[in-house]
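*Asks:* What follows is the file entry31.cif, containing mmCIF, C-alpha atoms and all ligand atoms:
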```cif
data_input
#
loop_
_atom_site.label_atom_id
_atom_site.label_comp_id
_atom_site.auth_asym_id
_atom_site.auth_seq_id
_atom_site.Cartn_x
_atom_site.Cartn_y
_atom_site.Cartn_z
CA MET A 258 -14.56 4.84 20.69
CA THR A 259 -11.79 2.24 20.86
CA GLN A 260 -8.47 2.83 19.18
CA LEU A 261 -5.08 1.20 18.94
CA GLN A 262 -2.49 3.83 19.81
CA ILE A 263 1.23 4.22 20.28
CA SER A 264 2.55 6.52 23.01
CA ARG A 265 6.18 5.77 22.14
CA PHE A 266 8.04 4.06 19.30
CA GLY A 267 9.07 0.43 19.77
CA GLY A 268 8.11 -3.21 19.26
CA VAL A 269 4.58 -4.49 18.63
CA ASP A 270 3.78 -4.24 22.37
CA VAL A 271 3.67 -0.42 22.14
CA LEU A 272 0.33 -0.80 20.32
CA GLN A 273 -2.20 -0.33 23.12
CA LEU A 274 -5.99 -0.27 23.05
CA SER A 275 -7.57 2.81 24.58
CA ASP A 276 -11.17 3.92 24.99
CA GLN A 277 -11.92 7.60 24.76
CA PRO A 278 -14.56 9.88 23.29
CA LEU A 279 -13.85 11.43 19.88
CA SER A 280 -14.54 15.12 19.28
CA SER A 281 -17.27 16.12 16.83
CA PRO A 282 -16.13 16.57 13.24
CA SER A 283 -14.80 20.07 12.62
CA ALA A 284 -15.38 21.98 9.37
CA ASN A 285 -14.91 19.79 6.28
CA GLN A 286 -14.50 16.62 8.33
CA VAL A 287 -16.68 13.56 8.68
CA LEU A 288 -16.95 11.11 11.56
CA LEU A 289 -16.73 7.51 10.36
CA ALA A 290 -17.73 4.24 12.00
CA VAL A 291 -14.78 2.17 10.78
CA ARG A 292 -15.57 -1.15 9.10
CA TYR A 293 -11.99 -2.09 8.21
CA ALA A 294 -8.53 -0.51 8.32
CA ALA A 295 -5.75 -1.93 6.14
CA VAL A 296 -2.33 -2.72 7.57
CA ASN A 297 0.56 -1.36 5.50
CA PRO A 298 4.32 -1.85 6.05
CA VAL A 299 4.59 1.90 6.76
CA ASP A 300 2.40 1.42 9.85
CA ALA A 301 4.87 -1.03 11.37
CA LYS A 302 7.90 1.04 10.33
CA THR A 303 6.37 4.14 11.92
CA ARG A 304 5.45 2.23 15.10
CA ALA A 305 9.13 1.21 15.29
CA GLY A 306 10.21 4.85 14.93
CA LEU A 307 11.57 4.47 11.38
CA GLY A 308 11.07 6.51 8.23
CA TRP A 309 9.42 9.77 7.22
CA ALA A 310 6.15 9.16 9.08
CA ALA A 311 7.88 8.61 12.44
CA GLN A 312 9.64 11.95 11.94
CA LYS A 313 6.29 13.55 11.12
CA TYR A 314 4.39 12.16 14.14
CA LYS A 315 7.12 11.98 16.82
CA ASP A 316 5.97 15.25 18.41
CA VAL A 317 2.24 14.44 18.38
CA LEU A 318 2.25 11.12 20.28
CA PRO A 319 0.02 9.36 21.22
CA TRP A 320 -0.73 8.58 17.60
CA THR A 321 -3.17 6.12 16.07
CA PRO A 322 -1.83 4.38 12.95
CA GLY A 323 -3.87 3.46 9.88
CA PHE A 324 -3.89 5.37 6.61
CA ASP A 325 -6.48 3.20 4.82
CA VAL A 326 -10.11 3.15 5.85
CA CYS A 327 -13.53 1.93 4.80
CA GLY A 328 -16.36 3.07 7.04
CA VAL A 329 -19.83 4.50 7.32
CA VAL A 330 -20.52 8.23 7.76
CA LYS A 331 -21.90 8.91 11.27
CA ALA A 332 -21.74 12.72 11.31
CA CYS A 333 -20.66 15.56 8.99
CA GLY A 334 -18.89 18.76 10.00
CA GLU A 335 -19.77 22.20 8.73
CA GLY A 336 -19.37 22.60 4.99
CA VAL A 337 -19.58 18.89 4.14
CA THR A 338 -22.20 18.55 1.42
CA SER A 339 -20.82 15.62 -0.55
CA PHE A 340 -21.69 12.87 1.96
CA SER A 341 -24.74 11.85 3.95
CA ILE A 342 -25.18 9.94 7.19
CA GLY A 343 -25.08 6.19 6.62
CA GLN A 344 -23.07 6.40 3.37
CA ARG A 345 -20.23 3.89 2.85
CA VAL A 346 -16.93 5.63 2.06
CA CYS A 347 -13.24 4.82 1.77
CA GLY A 348 -10.00 6.71 1.41
CA MET A 349 -6.39 7.31 2.25
CA ILE A 350 -6.37 9.45 5.40
CA PHE A 351 -3.05 11.17 5.44
CA ASP A 352 -2.59 11.66 9.21
CA GLY A 353 -3.54 8.10 10.13
CA GLY A 354 -6.19 7.20 12.69
CA ALA A 355 -7.90 4.26 10.99
CA TYR A 356 -6.92 1.68 13.66
CA ALA A 357 -10.08 2.57 15.58
CA SER A 358 -13.80 1.90 15.89
CA GLU A 359 -14.41 5.52 14.83
CA THR A 360 -12.21 8.08 13.15
CA LEU A 361 -12.31 11.63 11.80
CA ALA A 362 -11.32 12.28 8.19
CA TYR A 363 -11.38 15.23 5.83
CA ALA A 364 -14.19 14.83 3.33
CA ASP A 365 -11.93 15.61 0.36
CA MET A 366 -9.89 12.46 1.10
CA LEU A 367 -12.94 10.20 0.88
CA LEU A 368 -15.04 8.67 -1.89
CA PRO A 369 -18.33 6.79 -1.86
CA VAL A 370 -17.82 3.04 -2.23
CA PRO A 371 -19.67 1.62 -5.25
CA ASP A 372 -22.43 -0.83 -4.24
CA ASN A 373 -20.71 -3.86 -5.72
CA VAL A 374 -17.34 -3.19 -4.06
CA ALA A 375 -17.03 -4.98 -0.70
CA ASP A 376 -15.92 -3.12 2.44
CA GLU A 377 -12.77 -5.25 2.59
CA GLN A 378 -11.73 -4.33 -0.98
CA ALA A 379 -12.41 -0.64 -0.39
CA ALA A 380 -10.34 -0.59 2.80
CA ALA A 381 -7.40 -2.44 1.27
CA LEU A 382 -7.23 -0.40 -1.93
CA PRO A 383 -6.12 3.22 -1.25
CA VAL A 384 -2.42 3.18 -0.22
CA ALA A 385 -1.43 0.03 -2.12
CA GLY A 386 -3.51 0.91 -5.19
CA LEU A 387 -2.30 4.51 -5.40
CA THR A 388 1.32 3.41 -4.89
CA ALA A 389 1.00 0.95 -7.77
CA TRP A 390 -0.78 3.51 -10.00
CA GLN A 391 1.57 6.41 -9.28
CA GLY A 392 4.73 4.27 -9.39
CA LEU A 393 3.90 2.57 -12.67
CA PHE A 394 2.36 5.43 -14.61
CA GLU A 395 3.20 8.83 -13.03
CA VAL A 396 6.78 8.20 -11.92
CA GLY A 397 7.62 5.18 -14.09
CA GLN A 398 5.82 6.30 -17.27
CA LEU A 399 5.10 2.66 -18.19
CA LYS A 400 3.92 2.25 -21.78
CA ALA A 401 2.17 -0.50 -23.71
CA GLY A 402 4.63 -2.97 -25.24
CA GLU A 403 7.33 -2.42 -22.60
CA THR A 404 8.66 -5.21 -20.39
CA VAL A 405 8.24 -4.45 -16.70
CA LEU A 406 9.77 -6.46 -13.85
CA ILE A 407 7.64 -6.44 -10.70
CA PRO A 408 9.49 -7.94 -7.70
CA ALA A 409 7.37 -8.83 -4.62
CA ALA A 410 4.44 -9.39 -6.97
CA ALA A 411 2.40 -11.37 -4.40
CA GLY A 412 2.48 -8.52 -1.84
CA GLY A 413 0.11 -5.64 -1.16
CA VAL A 414 1.36 -3.24 -3.84
CA GLY A 415 2.78 -5.90 -6.16
CA HIS A 416 -0.42 -7.88 -6.72
CA ILE A 417 -2.22 -4.69 -7.75
CA ALA A 418 0.71 -3.51 -9.91
CA VAL A 419 0.71 -6.78 -11.87
CA GLN A 420 -2.96 -6.32 -12.78
CA LEU A 421 -2.57 -2.62 -13.71
CA ALA A 422 0.59 -3.14 -15.77
CA LYS A 423 -0.94 -6.03 -17.69
CA GLN A 424 -4.09 -4.04 -18.44
CA ALA A 425 -1.91 -1.18 -19.70
CA GLY A 426 -0.45 -3.53 -22.34
CA ALA A 427 2.94 -4.20 -20.77
CA LYS A 428 4.70 -7.57 -20.72
CA VAL A 429 4.82 -8.39 -17.00
CA ILE A 430 7.62 -10.44 -15.48
CA ALA A 431 7.03 -10.94 -11.77
CA THR A 432 9.08 -12.34 -8.91
CA ALA A 433 7.67 -14.32 -6.00
CA SER A 434 8.41 -17.38 -3.90
CA LYS A 435 7.44 -20.64 -5.64
CA SER A 436 4.34 -21.08 -3.44
CA ASN A 437 2.94 -17.80 -4.84
CA HIS A 438 3.57 -18.47 -8.55
CA ASP A 439 0.04 -19.69 -9.35
CA PHE A 440 -1.44 -16.69 -7.51
CA VAL A 441 0.71 -14.21 -9.45
CA ARG A 442 0.08 -15.93 -12.82
CA ALA A 443 -3.66 -15.73 -12.18
CA LEU A 444 -3.28 -11.95 -11.76
CA GLY A 445 -2.02 -11.77 -15.35
CA ALA A 446 1.78 -12.01 -15.12
CA ASP A 447 3.34 -13.33 -18.34
CA ASP A 448 6.20 -14.95 -16.47
CA VAL A 449 6.98 -15.53 -12.79
CA VAL A 450 10.49 -16.09 -11.48
CA ASP A 451 11.50 -17.30 -8.02
CA TYR A 452 13.69 -14.53 -6.59
CA HIS A 453 15.62 -17.11 -4.53
CA ASP A 454 16.90 -18.60 -7.82
CA ALA A 455 19.90 -16.40 -8.72
CA GLU A 456 20.39 -18.15 -12.07
CA ALA A 457 16.77 -17.53 -13.15
CA ILE A 458 17.05 -13.87 -12.13
CA SER A 459 20.34 -13.31 -13.97
CA ALA A 460 18.82 -14.89 -17.10
CA LEU A 461 16.74 -11.68 -17.31
CA THR A 462 19.86 -9.49 -17.73
CA GLY A 463 19.36 -6.76 -20.33
CA GLN A 464 15.71 -7.65 -21.00
CA ILE A 465 13.82 -5.19 -18.79
CA ASP A 466 12.62 -1.69 -19.77
CA PHE A 467 11.37 -0.80 -16.28
CA VAL A 468 11.84 -2.30 -12.82
CA PHE A 469 9.06 -1.39 -10.37
CA ASP A 470 11.24 -2.15 -7.35
CA LEU A 471 9.13 -2.99 -4.29
CA VAL A 472 12.00 -4.47 -2.30
CA GLY A 473 15.00 -2.10 -2.51
CA PHE A 474 18.37 -2.69 -0.84
CA GLU A 475 20.41 -5.67 -2.21
CA SER A 476 17.54 -6.82 -4.46
CA GLY A 477 17.03 -3.32 -5.86
CA LEU A 478 20.76 -2.97 -6.57
CA GLN A 479 20.91 -6.37 -8.30
CA ASN A 480 17.87 -5.64 -10.46
CA LEU A 481 19.62 -2.61 -12.00
CA SER A 482 21.74 -5.07 -14.00
CA LEU A 483 18.58 -6.58 -15.55
CA LEU A 484 17.69 -3.27 -17.23
CA LYS A 485 18.24 -2.59 -20.91
CA ALA A 486 20.85 0.12 -21.60
CA ASN A 487 18.22 2.89 -21.53
CA GLY A 488 16.08 1.22 -18.84
CA ARG A 489 14.71 2.81 -15.70
CA GLN A 490 13.84 1.76 -12.17
CA VAL A 491 11.49 3.18 -9.55
CA THR A 492 12.37 2.10 -6.01
CA VAL A 493 9.38 2.27 -3.69
CA PRO A 494 10.82 1.65 -0.17
CA THR A 495 11.83 5.25 0.52
CA VAL A 496 14.93 4.64 2.65
CA ALA A 497 16.42 2.37 -0.04
CA ALA A 498 16.04 4.80 -2.93
CA PRO A 499 19.05 7.18 -2.53
CA GLN A 500 21.65 4.38 -2.61
CA ILE A 501 20.01 2.75 -5.65
CA LYS A 502 19.75 6.07 -7.45
CA GLU A 503 23.47 6.64 -6.95
CA ALA A 504 24.34 3.12 -8.17
CA ALA A 505 22.11 3.53 -11.22
CA GLU A 506 23.77 6.82 -12.17
CA ALA A 507 27.19 5.18 -11.94
CA GLN A 508 25.93 2.58 -14.49
CA GLY A 509 24.42 5.26 -16.79
CA LYS A 510 20.87 4.15 -15.92
CA THR A 511 17.93 6.02 -14.42
CA ALA A 512 16.47 5.30 -10.99
CA SER A 513 14.18 7.30 -8.76
CA GLY A 514 12.29 7.01 -5.49
CA MET A 515 8.68 7.92 -4.85
CA LEU A 516 6.27 8.74 -2.03
CA VAL A 517 2.61 7.93 -2.53
CA HIS A 518 0.40 11.00 -2.34
CA PRO A 519 -3.34 11.39 -1.84
CA ASP A 520 -5.07 11.57 -5.22
CA ILE A 521 -8.84 11.43 -5.17
CA GLU A 522 -9.13 11.16 -8.96
CA GLY A 523 -6.64 8.31 -9.08
CA LEU A 524 -8.50 6.54 -6.28
CA ALA A 525 -11.80 7.04 -8.11
CA ALA A 526 -10.29 5.42 -11.22
CA LEU A 527 -9.07 2.45 -9.15
CA LEU A 528 -12.45 2.04 -7.42
CA LYS A 529 -14.11 2.07 -10.84
CA LEU A 530 -11.82 -0.75 -11.98
CA CYS A 531 -12.83 -2.71 -8.85
CA ALA A 532 -16.53 -2.05 -9.52
CA GLU A 533 -16.09 -3.27 -13.11
CA GLY A 534 -14.38 -6.45 -11.91
CA LYS A 535 -11.12 -5.47 -13.66
CA LEU A 536 -9.12 -5.10 -10.44
CA LYS A 537 -9.32 -7.55 -7.54
CA ILE A 538 -7.74 -6.88 -4.18
CA SER A 539 -6.70 -10.08 -2.47
CA ILE A 540 -7.24 -10.16 1.31
CA SER A 541 -5.27 -12.94 2.99
CA GLN A 542 -6.01 -12.26 6.67
CA ILE A 543 -8.37 -10.18 8.80
CA PHE A 544 -7.44 -9.60 12.45
CA PRO A 545 -9.61 -8.12 15.22
CA LEU A 546 -8.41 -4.60 16.16
CA SER A 547 -7.37 -6.02 19.54
CA GLN A 548 -4.87 -8.25 17.68
CA GLY A 549 -3.13 -5.36 15.94
CA ALA A 550 0.18 -6.50 17.41
CA THR A 551 -0.21 -9.88 15.68
CA ALA A 552 -1.05 -8.10 12.43
CA HIS A 553 2.14 -6.02 12.75
CA THR A 554 4.19 -9.14 13.44
CA ALA A 555 2.74 -10.61 10.24
CA ILE A 556 3.43 -7.54 8.06
CA GLU A 557 6.98 -7.33 9.46
CA THR A 558 7.79 -10.80 8.08
CA GLY A 559 7.68 -9.19 4.61
CA ARG A 560 6.03 -12.40 3.39
CA THR A 561 2.30 -11.68 3.57
CA LYS A 562 0.18 -12.29 0.46
CA GLY A 563 -2.06 -9.50 -0.86
CA LYS A 564 -3.42 -7.30 1.91
CA ILE A 565 -4.18 -7.78 5.60
CA LEU A 566 -6.91 -5.90 7.47
CA LEU A 567 -8.02 -4.96 10.97
CA ASP A 568 -11.70 -5.26 11.97
CA PRO A 569 -12.68 -3.03 14.92
CA ARG A 570 -16.15 -4.60 15.25
CA VAL A 571 -15.04 -7.96 16.66
N1 LIG A 601 7.18 5.05 -0.95
C1 LIG A 601 5.90 4.83 -0.74
O1 LIG A 601 5.07 5.74 -0.88
C2 LIG A 601 5.44 3.44 -0.40
C3 LIG A 601 4.08 3.11 -0.51
C4 LIG A 601 3.68 1.80 -0.27
C5 LIG A 601 4.64 0.84 0.08
N2 LIG A 601 5.93 1.22 0.23
C6 LIG A 601 6.96 0.22 0.56
O2 LIG A 601 7.04 -0.69 -0.53
C7 LIG A 601 7.36 -1.99 -0.06
C8 LIG A 601 6.33 -2.98 -0.57
O3 LIG A 601 5.07 -2.69 0.04
P1 LIG A 601 3.93 -3.81 0.12
O4 LIG A 601 2.80 -3.23 0.85
O5 LIG A 601 3.72 -4.41 -1.20
O6 LIG A 601 4.70 -4.88 1.05
P2 LIG A 601 4.26 -6.34 1.47
O7 LIG A 601 2.83 -6.58 1.17
O8 LIG A 601 4.73 -6.54 2.87
O9 LIG A 601 5.15 -7.28 0.51
C9 LIG A 601 5.17 -8.65 0.81
C10 LIG A 601 5.80 -9.40 -0.35
O10 LIG A 601 7.19 -9.11 -0.46
C11 LIG A 601 7.79 -10.22 -1.10
N3 LIG A 601 9.24 -10.22 -0.84
C12 LIG A 601 9.87 -10.20 0.36
N4 LIG A 601 11.21 -10.19 0.16
C13 LIG A 601 11.42 -10.21 -1.19
C14 LIG A 601 12.59 -10.22 -2.02
N5 LIG A 601 13.82 -10.19 -1.50
N6 LIG A 601 12.42 -10.23 -3.37
C15 LIG A 601 11.19 -10.25 -3.92
N7 LIG A 601 10.05 -10.25 -3.19
C16 LIG A 601 10.18 -10.23 -1.83
C17 LIG A 601 7.09 -11.42 -0.51
O11 LIG A 601 7.06 -12.39 -1.54
P3 LIG A 601 6.96 -13.97 -1.30
O12 LIG A 601 5.99 -14.16 -0.15
O13 LIG A 601 6.43 -14.46 -2.61
O14 LIG A 601 8.32 -14.46 -0.95
C18 LIG A 601 5.68 -10.88 -0.16
O15 LIG A 601 4.70 -11.35 -1.06
C19 LIG A 601 7.45 -1.88 1.46
O16 LIG A 601 8.80 -1.66 1.82
C20 LIG A 601 6.63 -0.63 1.77
O17 LIG A 601 7.00 0.01 2.98
C21 LIG A 601 6.35 2.48 0.00
#
```
Please lay out the structure from this file as structure tokens.
*Replies:*
Amino acid sequence: MTQLQISRFGGVDVLQLSDQPLSSPSANQVLLAVRYAAVNPVDAKTRAGLGWAAQKYKDVLPWTPGFDVCGVVKACGEGVTSFSIGQRVCGMIFDGGAYASETLAYADMLLPVPDNVADEQAAALPVAGLTAWQGLFEVGQLKAGETVLIPAAAGGVGHIAVQLAKQAGAKVIATASKSNHDFVRALGADDVVDYHDAEAISALTGQIDFVFDLVGFESGLQNLSLLKANGRQVTVPTVAAPQIKEAAEAQGKTASGMLVHPDIEGLAALLKLCAEGKLKISISQIFPLSQGATAHTAIETGRTKGKILLDPRV
């Protein structure tokens, strides 16, 4: 089994390939032959030693990143009755480990992949899809008829959020660089604004019921002023949320942070939308596992479109 591990926090060069046998699945676990792992910004932040996940894993290094997986069941541990050998599954595996040719995962974090959903879609969906779903509807309580602003709409979470918000009956105003406007419009956005154009952004002042803030920091603070008097904002980058919450309170507005959580029913609903052709996950680049460092360099630009994946089979 080949995996891409970190033994210390640092730059992309701390990602190192290692070959070692994997233990048999313990009770309630399955062993997966990984087809694809998605790359999420949290993977790069954790590799760099930043954020909640670095705190969580700092004492268990070496650690293999990768929270999103699509793979094929190779073996089942005791008590696993819901999956069979050879079945295609996907899921959000909460302790990472997907940057590998094989990985162990708890069966209750996995779902069968519908026949007409490609491996790439299934691997890219869990973290980004659940973040969009939970942020828009559980935390943000988005309702039909409301106007939602979705900054970073061409990114991993944003391009899914645009589709879900539109299908829920919201008016969707998105932000993206000019080169991504056609892409975001095709996802269903009613209007797309270039976030580099300060005048176009300030023209939205007082028009927004809900900002689904995927950027945080200066952008998240500025977007508070676009909200209607009783508007609300959910800031997704976790480190940015406390400052924005404080600023919102000072303006008499509501802002909150969020942390995506495993939700097998939510993931099943998202997979069903994919199977019905109502949700499309855009994959812009697939890197061999051995080029994980290049994939991290790409995700750290903050400018990737849709999702990027790692393929351990090449
Ligand atoms: N709290 C949680 O549970 C949780 C879960 C998932 C993600 N996150 C965080 O949420 C953020 C978004 O995640 P993601 O996976 O969607 O990231 P991503 O795929 O890396 O987002 C890339 C997009 O960000 C856009 N962008 C960059 N700077 C921008 C700015 N100043 N204003 C507007 N758009 C900008 C880019 O747009 P253009 O290319 O069009 O310029 C690009 O399309 C990340 O910080 C991530 O760590 C948190």
*Asks:* Box in all listed atoms of stretch 325-335 of chain A, axis-aligned, with 3 Å more on each side; write out centre and edge lengths in Å to one decimal as lines of an AutoDock Vina configuration file.
*Replies:*
```
center_x = -14.2
center_y = 12.1
center_z = 8.1
size_x = 21.4
size_y = 26.3
size_z = 12.5
```
*Asks:* Taking 3 positions as the minimum chain separation for residues in the same chain, which residues sit within 8 Å of stretch 394-408 of chain A when counting all atoms listed in the file? Answer as a list in words.
*Replies:*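 Near stretch 394-408 of chain A, the qualifying residues are Trp390, Gln391, Gly415, Ala418, Val419, Ala422, Ala425, Gly426, Ala427, Lys428, Val429, Ile430, Ala431, Thr432, Ala433, Tyr452, Gln464, Ile465, Asp466, Phe467, Val468, Phe469, Asp470, Leu471, Val472, Arg489, Gln490, Val491 and Met515 of chain A.
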*Asks:* Between atom O9 of ligand LIG 601 (chain A) and atom CA of A:Gly413, measure the distance and give it in Å to one decimal.
*Replies:* 5.6 Å
*Asks:* Between atom CA of A:Leu274 and atom CA of A:Ala355, what is the distance in Å, rounded to a tenth?
*Replies:*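 Atom-to-atom, atom CA of A:Leu274 and atom CA of A:Ala355 are spaced 13.0 Å apart.
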*Asks:* Would you please work out which residue, of A:Ile540, A:Met349, A:Val517, A:Ala357, is nearest to A:Leu261 when using only C-alpha atoms?
*Replies:*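 Among the listed residues, A:Ala357 lies closest to A:Leu261.
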*Asks:* Have a look at A:Gln424, A:Ser275, A:Thr321, A:Ser476 and name the one nearest to ligand LIG 601 (chain A); count all atoms listed in the file.
*Replies:*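 Of A:Gln424, A:Ser275, A:Thr321, A:Ser476, the one nearest ligand LIG 601 (chain A) is A:Ser476, counting all atoms listed in the file.
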*Asks:* Let me make sure I understand: among A:Ile350, A:Ala505, A:Val414, A:Val571, which one has the smallest atom-to-atom distance to ligand LIG 601 (chain A) if we use all atoms listed in the file?
*Replies:* A:Val414
*Asks:* So how many Å separate atom CA of A:Pro519 and atom CA of A:Arg345, to one decimal?
*Replies:*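 Interatomic distance here is 19.1 Å.
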*Asks:* Tell me which protein, DNA and RNA residues are within 7 Å of stretch 376-382 of chain A, counting all atoms listed in the file, leaving out same-chain ones fewer than 2 positions away, and put them as an MDAnalysis selection string.
*Replies:* chainID A and resid 292:295 325:327 347 370 374 384:386 538 564
*Asks:* Which is closer to A:Gly267 than all the others in A:Ser280, A:Asn373, A:Thr303, A:Asn285, using only C-alpha atoms?
*Replies:*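 Counting only C-alpha atoms, the residue closest to A:Gly267 is A:Thr303.
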*Asks:* Between A:Gly523, A:Gly488, A:Pro298, A:Pro371, single out the one closest to ligand LIG 601 (chain A), counting all atoms listed in the file.
*Replies:*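 The answer is A:Pro298, which sits nearest to ligand LIG 601 (chain A).
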*Asks:* Check the smallest atom-to-atom distance from each of A:Gly463, A:Gly308, A:Pro319, A:Gly353 to ligand LIG 601 (chain A) using only C-alpha atoms and all ligand atoms, then report the winner.
*Replies:*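 Among the listed residues, A:Gly308 lies closest to ligand LIG 601 (chain A).
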*Asks:* Kindly reconstruct stretch 275-282 of chain A with all heavy atoms and present the result as a compact mmCIF listing (two decimals), in the frame of the given file.
*Replies:*
```
# COMPACT_ATOMS: atom_id res chain seq x y z
N SER A 275 -7.08 1.82 23.61
CA SER A 275 -7.57 2.81 24.58
C SER A 275 -8.99 3.22 24.19
O SER A 275 -9.34 3.23 23.01
CB SER A 275 -6.64 4.03 24.63
OG SER A 275 -6.93 4.90 23.58
N ASP A 276 -9.78 3.49 25.21
CA ASP A 276 -11.17 3.92 24.99
C ASP A 276 -11.28 5.38 25.36
O ASP A 276 -10.92 5.76 26.48
CB ASP A 276 -12.12 3.11 25.90
CG ASP A 276 -12.39 1.75 25.32
OD1 ASP A 276 -12.82 1.66 24.17
OD2 ASP A 276 -12.11 0.77 26.04
N GLN A 277 -11.72 6.19 24.44
CA GLN A 277 -11.92 7.60 24.76
C GLN A 277 -12.89 8.22 23.76
O GLN A 277 -13.01 7.75 22.62
CB GLN A 277 -10.60 8.37 24.76
CG GLN A 277 -9.75 8.13 23.54
CD GLN A 277 -8.33 8.62 23.76
OE1 GLN A 277 -8.05 9.74 23.41
NE2 GLN A 277 -7.47 7.81 24.33
N PRO A 278 -13.61 9.26 24.21
CA PRO A 278 -14.56 9.88 23.29
C PRO A 278 -13.83 10.64 22.18
O PRO A 278 -12.72 11.13 22.39
CB PRO A 278 -15.34 10.85 24.18
CG PRO A 278 -14.51 11.04 25.39
CD PRO A 278 -13.58 9.88 25.52
N LEU A 279 -14.44 10.70 21.01
CA LEU A 279 -13.85 11.43 19.88
C LEU A 279 -14.59 12.76 19.77
O LEU A 279 -15.80 12.81 19.98
CB LEU A 279 -14.06 10.59 18.61
CG LEU A 279 -13.14 10.79 17.43
CD1 LEU A 279 -11.68 10.55 17.81
CD2 LEU A 279 -13.52 9.82 16.31
N SER A 280 -13.87 13.82 19.43
CA SER A 280 -14.54 15.12 19.28
C SER A 280 -15.46 15.09 18.05
O SER A 280 -15.30 14.25 17.17
CB SER A 280 -13.50 16.23 19.15
OG SER A 280 -12.64 15.92 18.09
N SER A 281 -16.38 16.03 18.00
CA SER A 281 -17.27 16.12 16.83
C SER A 281 -16.45 16.53 15.62
O SER A 281 -15.41 17.19 15.77
CB SER A 281 -18.33 17.20 17.07
OG SER A 281 -19.04 16.90 18.22
N PRO A 282 -16.91 16.17 14.42
CA PRO A 282 -16.13 16.57 13.24
C PRO A 282 -16.08 18.09 13.10
O PRO A 282 -17.09 18.75 13.28
CB PRO A 282 -16.90 15.93 12.08
CG PRO A 282 -18.22 15.52 12.63
CD PRO A 282 -18.09 15.37 14.09
```
